[in-house]
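Structure data follow from upload-v4.json (JSON, C-alpha atoms and all ligand atoms):
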```
[["chain", "number", "residue", "atom", "x", "y", "z"],
["O", 118, "MET", "CA", 68.88, -103.04, -18.61],
["O", 119, "ILE", "CA", 71.38, -100.17, -18.19],
["O", 120, "THR", "CA", 75.03, -100.22, -19.30],
["O", 121, "LEU", "CA", 77.47, -97.40, -18.56],
["O", 122, "VAL", "CA", 80.20, -97.14, -21.19],
["O", 123, "THR", "CA", 83.33, -95.39, -19.91],
["O", 124, "LEU", "CA", 87.06, -95.13, -20.56],
["O", 125, "PRO", "CA", 89.32, -97.88, -19.12],
["O", 126, "PRO", "CA", 91.24, -97.13, -15.88],
["O", 127, "ALA", "CA", 94.28, -94.84, -16.18],
["O", 128, "PHE", "CA", 96.65, -92.71, -14.04],
["O", 129, "GLY", "CA", 95.78, -94.61, -10.86],
["O", 130, "LEU", "CA", 92.08, -93.88, -11.41],
["O", 131, "ARG", "CA", 89.52, -96.65, -11.70],
["O", 132, "ASN", "CA", 87.24, -94.20, -13.48],
["O", 133, "VAL", "CA", 89.49, -91.69, -15.22],
["O", 134, "SER", "CA", 86.83, -89.49, -16.83],
["O", 135, "PRO", "CA", 85.07, -86.96, -14.57],
["O", 136, "PHE", "CA", 81.99, -87.19, -16.79],
["O", 137, "CYS", "CA", 81.91, -90.99, -16.51],
["O", 138, "LEU", "CA", 82.48, -90.88, -12.74],
["O", 139, "LYS", "CA", 79.66, -88.39, -12.32],
["O", 140, "VAL", "CA", 77.23, -90.75, -14.10],
["O", 141, "GLU", "CA", 78.47, -93.73, -12.09],
["O", 142, "MET", "CA", 77.82, -91.74, -8.91],
["O", 143, "ALA", "CA", 74.30, -90.82, -10.05],
["O", 144, "LEU", "CA", 73.35, -94.40, -11.02],
["O", 145, "THR", "CA", 74.64, -95.71, -7.69],
["O", 146, "HIS", "CA", 72.95, -92.98, -5.67],
["O", 147, "LEU", "CA", 69.63, -93.64, -7.43],
["O", 148, "GLY", "CA", 69.94, -97.37, -6.72],
["O", 149, "LEU", "CA", 69.65, -98.28, -10.41],
["O", 150, "ALA", "CA", 71.25, -101.59, -11.37],
["O", 151, "PHE", "CA", 73.77, -101.19, -14.19],
["O", 152, "ASP", "CA", 76.62, -102.96, -15.98],
["O", 153, "TYR", "CA", 79.91, -101.34, -16.65],
["O", 154, "GLU", "CA", 81.70, -101.52, -20.01],
["O", 155, "THR", "CA", 84.90, -99.83, -21.09],
["O", 156, "GLU", "CA", 85.71, -98.39, -24.48],
["O", 157, "GLN", "CA", 89.25, -97.27, -25.27],
["O", 158, "ASP", "CA", 88.29, -95.21, -28.31],
["O", 159, "PRO", "CA", 85.82, -92.34, -27.69],
["O", 160, "ARG", "CA", 85.35, -91.99, -31.47],
["O", 161, "LYS", "CA", 83.15, -95.10, -31.25],
["O", 162, "ALA", "CA", 80.71, -93.27, -28.94],
["O", 163, "PRO", "CA", 77.59, -91.70, -30.53],
["O", 164, "LYS", "CA", 79.00, -88.16, -30.21],
["O", 165, "GLY", "CA", 82.67, -89.10, -30.14],
["O", 166, "LYS", "CA", 82.92, -88.62, -26.38],
["O", 167, "LEU", "CA", 82.47, -90.83, -23.34],
["O", 168, "PRO", "CA", 80.43, -91.65, -21.36],
["O", 169, "TYR", "CA", 77.31, -92.94, -22.99],
["O", 170, "LEU", "CA", 74.57, -94.98, -21.48],
["O", 171, "LEU", "CA", 72.76, -97.90, -23.06],
["O", 172, "ILE", "CA", 69.19, -98.19, -21.88],
["O", 173, "ASP", "CA", 67.44, -101.21, -23.36],
["O", 174, "GLY", "CA", 69.62, -100.87, -26.47],
["O", 175, "GLU", "CA", 69.16, -97.09, -26.86],
["O", 176, "ARG", "CA", 72.43, -95.11, -26.75],
["O", 177, "ILE", "CA", 72.32, -91.84, -24.79],
["O", 178, "ALA", "CA", 75.40, -89.64, -25.07],
["O", 179, "ASP", "CA", 76.55, -86.76, -22.86],
["O", 180, "SER", "CA", 76.53, -86.90, -19.08],
["O", 181, "GLU", "CA", 74.13, -83.97, -18.72],
["O", 182, "LEU", "CA", 71.64, -85.49, -21.16],
["O", 183, "ILE", "CA", 72.05, -88.79, -19.32],
["O", 184, "PHE", "CA", 71.15, -86.94, -16.10],
["O", 185, "GLU", "CA", 68.04, -85.51, -17.77],
["O", 186, "ARG", "CA", 66.95, -89.04, -18.68],
["O", 187, "LEU", "CA", 67.74, -90.48, -15.23],
["O", 188, "ASN", "CA", 65.90, -87.61, -13.59],
["O", 189, "THR", "CA", 62.79, -88.32, -15.68],
["O", 190, "MET", "CA", 63.06, -92.06, -15.01],
["O", 191, "THR", "CA", 63.16, -91.45, -11.23],
["O", 192, "GLN", "CA", 60.46, -88.76, -11.07],
["O", 193, "GLY", "CA", 62.90, -85.93, -10.39],
["O", 194, "LYS", "CA", 65.14, -87.55, -7.76],
["O", 195, "LEU", "CA", 68.41, -86.05, -9.05],
["O", 196, "TYR", "CA", 67.39, -82.48, -8.28],
["O", 197, "GLU", "CA", 64.76, -83.22, -5.64],
["O", 198, "GLY", "CA", 63.91, -80.42, -3.22],
["O", 199, "LEU", "CA", 65.96, -77.71, -4.94],
["O", 200, "THR", "CA", 64.51, -74.23, -5.38],
["O", 201, "PRO", "CA", 64.88, -72.59, -8.83],
["O", 202, "GLU", "CA", 67.60, -70.37, -7.32],
["O", 203, "GLU", "CA", 69.53, -73.36, -5.96],
["O", 204, "LYS", "CA", 69.20, -75.09, -9.31],
["O", 205, "ALA", "CA", 70.49, -71.97, -11.05],
["O", 206, "THR", "CA", 73.56, -71.92, -8.77],
["O", 207, "GLY", "CA", 74.11, -75.62, -9.46],
["O", 208, "VAL", "CA", 73.97, -75.08, -13.22],
["O", 209, "ALA", "CA", 76.47, -72.21, -12.94],
["O", 210, "PHE", "CA", 78.90, -74.34, -10.89],
["O", 211, "SER", "CA", 78.52, -77.18, -13.39],
["O", 212, "ARG", "CA", 79.52, -74.86, -16.21],
["O", 213, "LEU", "CA", 82.49, -73.60, -14.18],
["O", 214, "ALA", "CA", 83.62, -77.18, -13.52],
["O", 215, "GLU", "CA", 82.90, -78.74, -16.90],
["O", 216, "ASP", "CA", 83.45, -75.93, -19.39],
["O", 217, "HIS", "CA", 86.34, -74.06, -17.76],
["O", 218, "LEU", "CA", 88.18, -75.96, -15.04],
["O", 219, "TYR", "CA", 87.93, -79.22, -17.01],
["O", 220, "TRP", "CA", 89.95, -77.78, -19.89],
["O", 221, "MET", "CA", 92.80, -76.91, -17.55],
["O", 222, "GLY", "CA", 92.61, -80.51, -16.34],
["O", 223, "VAL", "CA", 92.96, -81.66, -19.94],
["O", 224, "ALA", "CA", 95.86, -79.27, -20.60],
["O", 225, "SER", "CA", 97.63, -80.27, -17.39],
["O", 226, "ARG", "CA", 97.68, -83.88, -18.60],
["O", 227, "TRP", "CA", 98.21, -83.46, -22.35],
["O", 228, "LEU", "CA", 100.21, -80.28, -22.84],
["O", 229, "ASP", "CA", 102.78, -80.52, -20.06],
["O", 230, "ASP", "CA", 105.88, -82.13, -21.61],
["O", 231, "LYS", "CA", 106.78, -83.79, -18.31],
["O", 232, "TRP", "CA", 103.31, -85.30, -17.85],
["O", 233, "PHE", "CA", 102.56, -86.33, -21.45],
["O", 234, "PRO", "CA", 104.44, -89.69, -21.26],
["O", 235, "ASN", "CA", 101.70, -90.83, -18.84],
["O", 236, "ILE", "CA", 99.14, -90.14, -21.58],
["O", 237, "VAL", "CA", 101.15, -92.18, -24.08],
["O", 238, "ARG", "CA", 101.46, -95.09, -21.62],
["O", 239, "ASP", "CA", 97.84, -95.21, -20.38],
["O", 240, "PHE", "CA", 95.81, -93.92, -23.34],
["O", 241, "PHE", "CA", 97.91, -95.22, -26.23],
["O", 242, "GLY", "CA", 99.43, -98.37, -24.75],
["O", 243, "PHE", "CA", 97.06, -100.42, -26.92],
["O", 244, "VAL", "CA", 98.44, -98.89, -30.16],
["O", 245, "PRO", "CA", 101.22, -101.00, -31.74],
["O", 246, "GLY", "CA", 104.66, -99.57, -30.89],
["O", 247, "LEU", "CA", 105.44, -98.24, -34.35],
["O", 248, "PHE", "CA", 102.29, -96.11, -34.53],
["O", 249, "ARG", "CA", 102.05, -95.10, -30.86],
["O", 250, "GLY", "CA", 104.12, -91.91, -31.17],
["O", 251, "PHE", "CA", 102.30, -90.88, -34.34],
["O", 252, "ALA", "CA", 98.82, -91.46, -32.84],
["O", 253, "SER", "CA", 99.57, -89.80, -29.48],
["O", 254, "ASN", "CA", 101.27, -86.76, -31.03],
["O", 255, "GLY", "CA", 98.39, -86.31, -33.48],
["O", 256, "ALA", "CA", 95.87, -86.39, -30.65],
["O", 257, "ARG", "CA", 98.04, -84.00, -28.62],
["O", 258, "LYS", "CA", 98.05, -81.51, -31.49],
["O", 259, "ALA", "CA", 94.23, -81.64, -31.60],
["O", 260, "VAL", "CA", 94.07, -81.00, -27.83],
["O", 261, "ALA", "CA", 96.44, -78.01, -28.20],
["O", 262, "GLN", "CA", 94.23, -76.57, -30.98],
["O", 263, "THR", "CA", 91.07, -77.04, -28.94],
["O", 264, "TYR", "CA", 92.67, -75.44, -25.87],
["O", 265, "ASP", "CA", 93.78, -72.51, -27.99],
["O", 266, "LEU", "CA", 90.31, -72.12, -29.53],
["O", 267, "HIS", "CA", 88.75, -72.20, -26.07],
["O", 268, "GLY", "CA", 90.98, -69.25, -25.24],
["O", 269, "LEU", "CA", 92.65, -70.67, -22.14],
["O", 270, "GLY", "CA", 95.51, -71.89, -24.30],
["O", 271, "ARG", "CA", 96.40, -68.31, -25.22],
["O", 272, "HIS", "CA", 97.38, -67.44, -21.64],
["O", 273, "THR", "CA", 100.74, -67.84, -19.96],
["O", 274, "MET", "CA", 101.16, -70.71, -17.53],
["O", 275, "GLU", "CA", 100.99, -68.28, -14.61],
["O", 276, "GLU", "CA", 97.75, -66.80, -15.94],
["O", 277, "GLN", "CA", 96.24, -70.29, -16.43],
["O", 278, "LYS", "CA", 97.13, -71.13, -12.84],
["O", 279, "GLY", "CA", 95.43, -67.91, -11.75],
["O", 280, "PHE", "CA", 92.21, -68.90, -13.55],
["O", 281, "ALA", "CA", 92.37, -72.36, -11.94],
["O", 282, "LYS", "CA", 92.87, -70.89, -8.47],
["O", 283, "ARG", "CA", 89.89, -68.55, -8.82],
["O", 284, "ASP", "CA", 87.66, -71.46, -9.97],
["O", 285, "LEU", "CA", 88.86, -73.75, -7.18],
["O", 286, "GLN", "CA", 88.58, -70.98, -4.59],
["O", 287, "ALA", "CA", 84.94, -70.44, -5.62],
["O", 288, "ILE", "CA", 84.17, -74.14, -5.07],
["O", 289, "ALA", "CA", 86.16, -74.21, -1.81],
["O", 290, "ASP", "CA", 84.26, -71.17, -0.49],
["O", 291, "ILE", "CA", 80.91, -72.85, -1.19],
["O", 292, "VAL", "CA", 81.74, -76.28, 0.23],
["O", 293, "SER", "CA", 83.44, -74.99, 3.36],
["O", 294, "SER", "CA", 80.44, -72.86, 4.36],
["O", 295, "LYS", "CA", 77.82, -75.43, 3.27],
["O", 296, "HIS", "CA", 77.88, -79.22, 3.12],
["O", 297, "TYR", "CA", 76.85, -79.50, -0.52],
["O", 298, "ILE", "CA", 77.12, -77.42, -3.68],
["O", 299, "VAL", "CA", 73.48, -76.44, -3.29],
["O", 300, "GLY", "CA", 70.69, -77.29, -0.87],
["O", 301, "GLU", "CA", 70.84, -79.41, 2.25],
["O", 302, "ARG", "CA", 71.67, -82.78, 0.75],
["O", 303, "LEU", "CA", 73.41, -84.63, -2.02],
["O", 304, "THR", "CA", 72.19, -83.70, -5.51],
["O", 305, "ALA", "CA", 73.32, -84.15, -9.10],
["O", 306, "PHE", "CA", 75.51, -81.05, -8.76],
["O", 307, "ASP", "CA", 77.70, -82.78, -6.17],
["O", 308, "PHE", "CA", 78.32, -85.60, -8.65],
["O", 309, "VAL", "CA", 79.36, -83.00, -11.25],
["O", 310, "VAL", "CA", 81.77, -81.16, -8.95],
["O", 311, "ALA", "CA", 83.13, -84.13, -6.96],
["O", 312, "GLY", "CA", 83.53, -86.16, -10.17],
["O", 313, "MET", "CA", 85.57, -83.34, -11.66],
["O", 314, "LEU", "CA", 87.69, -82.80, -8.53],
["O", 315, "SER", "CA", 88.50, -86.51, -8.35],
["O", 316, "GLY", "CA", 89.92, -86.34, -11.88],
["O", 317, "PHE", "CA", 92.40, -83.67, -10.75],
["O", 318, "MET", "CA", 93.01, -84.57, -7.14],
["O", 319, "ASP", "CA", 93.22, -88.38, -7.27],
["O", 320, "ASN", "CA", 95.21, -88.44, -10.53],
["O", 321, "GLU", "CA", 98.68, -90.04, -10.28],
["O", 322, "PRO", "CA", 101.26, -88.65, -10.69],
["O", 323, "ALA", "CA", 99.89, -85.23, -9.77],
["O", 324, "THR", "CA", 99.55, -82.68, -12.57],
["O", 325, "TRP", "CA", 100.09, -78.95, -12.01],
["O", 326, "LEU", "CA", 96.32, -78.61, -11.57],
["O", 327, "GLY", "CA", 96.25, -81.51, -9.09],
["O", 328, "ASP", "CA", 98.97, -79.81, -7.06],
["O", 329, "ILE", "CA", 96.94, -76.59, -6.90],
["O", 330, "ALA", "CA", 93.66, -78.37, -6.06],
["O", 331, "ASN", "CA", 95.29, -80.51, -3.38],
["O", 332, "GLY", "CA", 96.45, -77.31, -1.68],
["O", 333, "TYR", "CA", 92.84, -76.69, -0.56],
["O", 334, "PRO", "CA", 92.05, -78.88, 2.50],
["O", 335, "SER", "CA", 88.34, -78.02, 2.20],
["O", 336, "LEU", "CA", 88.23, -79.46, -1.34],
["O", 337, "ARG", "CA", 89.86, -82.72, -0.21],
["O", 338, "GLU", "CA", 87.44, -82.96, 2.72],
["O", 339, "TYR", "CA", 84.45, -82.32, 0.41],
["O", 340, "LEU", "CA", 85.64, -84.81, -2.23],
["O", 341, "GLU", "CA", 86.13, -87.59, 0.32],
["O", 342, "ARG", "CA", 82.83, -86.85, 2.04],
["O", 343, "ILE", "CA", 80.87, -87.03, -1.22],
["O", 344, "GLN", "CA", 82.68, -90.16, -2.42],
["O", 345, "ASN", "CA", 81.98, -91.86, 0.93],
["O", 346, "GLU", "CA", 78.35, -90.77, 1.01],
["O", 347, "VAL", "CA", 77.70, -92.11, -2.50],
["O", 348, "GLY", "CA", 79.99, -95.11, -2.07],
["O", 349, "VAL", "CA", 81.78, -94.45, -5.37],
["O", 350, "SER", "CA", 85.36, -93.28, -5.66],
["O", 351, "GLY", "CA", 87.40, -92.36, -8.72],
["O", 352, "LYS", "CA", 90.36, -94.38, -7.42],
["A", 401, "LIG", "N1", 79.88, -82.98, -22.54],
["A", 401, "LIG", "C1", 80.38, -84.34, -22.45],
["A", 401, "LIG", "C2", 81.86, -84.31, -22.25],
["A", 401, "LIG", "C3", 82.47, -85.72, -22.24],
["A", 401, "LIG", "C4", 83.97, -85.71, -22.50],
["A", 401, "LIG", "O1", 84.57, -84.67, -22.76],
["A", 401, "LIG", "N2", 84.57, -86.90, -22.42],
["A", 401, "LIG", "C5", 85.98, -87.03, -22.72],
["A", 401, "LIG", "C6", 86.61, -87.99, -21.72],
["A", 401, "LIG", "S1", 86.75, -87.21, -20.16],
["A", 401, "LIG", "C7", 86.13, -87.63, -24.10],
["A", 401, "LIG", "O2", 85.49, -88.61, -24.44],
["A", 401, "LIG", "N3", 87.00, -87.03, -24.91],
["A", 401, "LIG", "C8", 87.34, -87.54, -26.20],
["A", 401, "LIG", "C9", 87.36, -86.46, -27.24],
["A", 401, "LIG", "O3", 86.94, -85.33, -26.97],
["A", 401, "LIG", "O4", 87.79, -86.77, -28.35],
["A", 401, "LIG", "C10", 79.67, -85.04, -21.30],
["A", 401, "LIG", "O5", 79.21, -84.37, -20.37],
["A", 401, "LIG", "O6", 79.52, -86.27, -21.36]]
```
Translate the structure of the given file into structure tokens.
Amino acid sequence: MITLVTLPPAFGLRNVSPFCLKVEMALTHLGLAFDYETEQDPRKAPKGKLPYLLIDGERIADSELIFERLNTMTQGKLYEGLTPEEKATGVAFSRLAEDHLYWMGVASRWLDDKWFPNIVRDFFGFVPGLFRGFASNGARKAVAQTYDLHGLGRHTMEEQKGFAKRDLQAIADIVSSKHYIVGERLTAFDFVVAGMLSGFMDNEPATWLGDIANGYPSLREYLERIQNEVGVSGK
């Protein structure tokens, strides 16, 4: 029995977290039956972040560690047929998406004064009115500190947009010359990258990062192709 625990829908997205969407795509692609549960408060997850997977009562946190488990359970299906070099490229693109681009996605939602009211409405709507401002502003402060510590938060807006464009251009260059991030067919790395792109590109209203990403027709084409092939969309 497998249960995927994710965040509730928000910002026009059925699955608002790129890490949760990536796992949903993998489970569906592998044909594994699973239930879906939502948790509003990531602090209740084993490592304070969502998603986590419940397999026969065992809690497995972190989408990459979940992939390791699913790959073992399916005798290597998630990375099937990839050469070590292709796998290396896939790992590098995953780091670009999840440890660099992702943080600009977070900042574009949380740290933009014009966009932040969407966070308060969709992430803190469950908090009683009196405490909502306190809770959302406290969380926003923590996001700003994390973004600063990462280093991206120390750059001007124009510089951040430059970093985002170089990341997105790298993905666009790969997926417009090849069908998939690596190899000749769908692999775990497409779930990583398409899951992340959906979080920026399908998000409503658009953030500054969504506007930049949606300016690349090849990224939109890739995102829709992967979502259709897996049969799982973020929206
Ligand atoms: N490395 C983790 C990242 C998961 C993650 O950052 N999840 C976000 C939602 S998109 C979260 O739960 N954030 C809450 C927090 O950091 O407090 C994974 O791959 O699962």
Box in all listed atoms of stretch 121-127 of chain O, axis-aligned, with 4 Å more on each side; write out centre and edge lengths in Å to one decimal as AutoDock Vina command-line options.
```
--center_x 85.9 --center_y -96.4 --center_z -18.5 --size_x 24.8 --size_y 11.0 --size_z 13.3
```
Task: Neighbours of point (84.5, -75.1, -7.7) within 12 Å, using all atoms listed in the file, written as a ChimeraX atom specification - done: /O:206-219,280-293,297-299,306-307,309-314,330,333,335-337,339-340
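Near ligand LIG 401 (chain A), the residues found within 6 Å are Ser134, Pro135, Phe136, Pro159, Gly165, Lys166, Leu167, Pro168, Asp179, Ser180 and Glu181 of chain O (criterion computed using all atoms listed in the file).
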Task: From O:Ala127, O:Leu187, O:Leu326, O:Leu269, residue lying nearest O:Thr145 [only C-alpha atoms] - done: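 Smallest distance to O:Thr145 is found for O:Leu187.
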TODO: Can you work out the spacing between atom CA of O:Val223 and atom CA of O:Ala252 in Å, to one decimal?
DONE: 17.2 Å
Open item on the list: Calculated over only C-alpha atoms, which of the candidates O:Pro125, O:Gly332, O:Gly351, O:Gly270 has the smallest distance to O:Thr155?
Closed with: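 Under the stated criterion, the closest residue is O:Pro125.
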Place N, CA and C atoms on stretch 239-255 of chain O and deliver the coordinates as a CSV table (one decimal), in the frame of the given file.
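Result file out.csv:
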```csv
chain,number,residue,atom,x,y,z
O,239,ASP,N,99.2,-94.7,-20.8
O,239,ASP,CA,97.8,-95.2,-20.4
O,239,ASP,C,96.7,-95.1,-21.4
O,240,PHE,N,96.9,-94.1,-22.3
O,240,PHE,CA,95.8,-93.9,-23.3
O,240,PHE,C,96.2,-94.6,-24.7
O,241,PHE,N,97.5,-94.7,-24.9
O,241,PHE,CA,97.9,-95.2,-26.2
O,241,PHE,C,98.7,-96.5,-26.1
O,242,GLY,N,98.7,-97.1,-24.9
O,242,GLY,CA,99.4,-98.4,-24.8
O,242,GLY,C,98.9,-99.5,-25.7
O,243,PHE,N,97.7,-99.4,-26.1
O,243,PHE,CA,97.1,-100.4,-26.9
O,243,PHE,C,97.5,-100.3,-28.4
O,244,VAL,N,98.0,-99.1,-28.8
O,244,VAL,CA,98.4,-98.9,-30.2
O,244,VAL,C,99.8,-99.6,-30.4
O,245,PRO,N,99.9,-100.3,-31.5
O,245,PRO,CA,101.2,-101.0,-31.7
O,245,PRO,C,102.4,-100.0,-31.7
O,246,GLY,N,103.5,-100.4,-31.1
O,246,GLY,CA,104.7,-99.6,-30.9
O,246,GLY,C,105.0,-98.6,-32.0
O,247,LEU,N,105.0,-99.1,-33.2
O,247,LEU,CA,105.4,-98.2,-34.4
O,247,LEU,C,104.5,-97.0,-34.6
O,248,PHE,N,103.3,-97.2,-34.3
O,248,PHE,CA,102.3,-96.1,-34.5
O,248,PHE,C,102.0,-95.3,-33.3
O,249,ARG,N,102.5,-95.7,-32.1
O,249,ARG,CA,102.0,-95.1,-30.9
O,249,ARG,C,102.4,-93.6,-30.8
O,250,GLY,N,103.7,-93.3,-31.2
O,250,GLY,CA,104.1,-91.9,-31.2
O,250,GLY,C,103.3,-91.1,-32.1
O,251,PHE,N,103.1,-91.6,-33.3
O,251,PHE,CA,102.3,-90.9,-34.3
O,251,PHE,C,100.9,-90.6,-33.8
O,252,ALA,N,100.2,-91.6,-33.3
O,252,ALA,CA,98.8,-91.5,-32.8
O,252,ALA,C,98.7,-90.5,-31.7
O,253,SER,N,99.7,-90.6,-30.7
O,253,SER,CA,99.6,-89.8,-29.5
O,253,SER,C,99.9,-88.4,-29.8
O,254,ASN,N,100.9,-88.1,-30.7
O,254,ASN,CA,101.3,-86.8,-31.0
O,254,ASN,C,100.2,-86.1,-31.9
O,255,GLY,N,99.5,-86.9,-32.7
O,255,GLY,CA,98.4,-86.3,-33.5
O,255,GLY,C,97.3,-85.9,-32.6
```
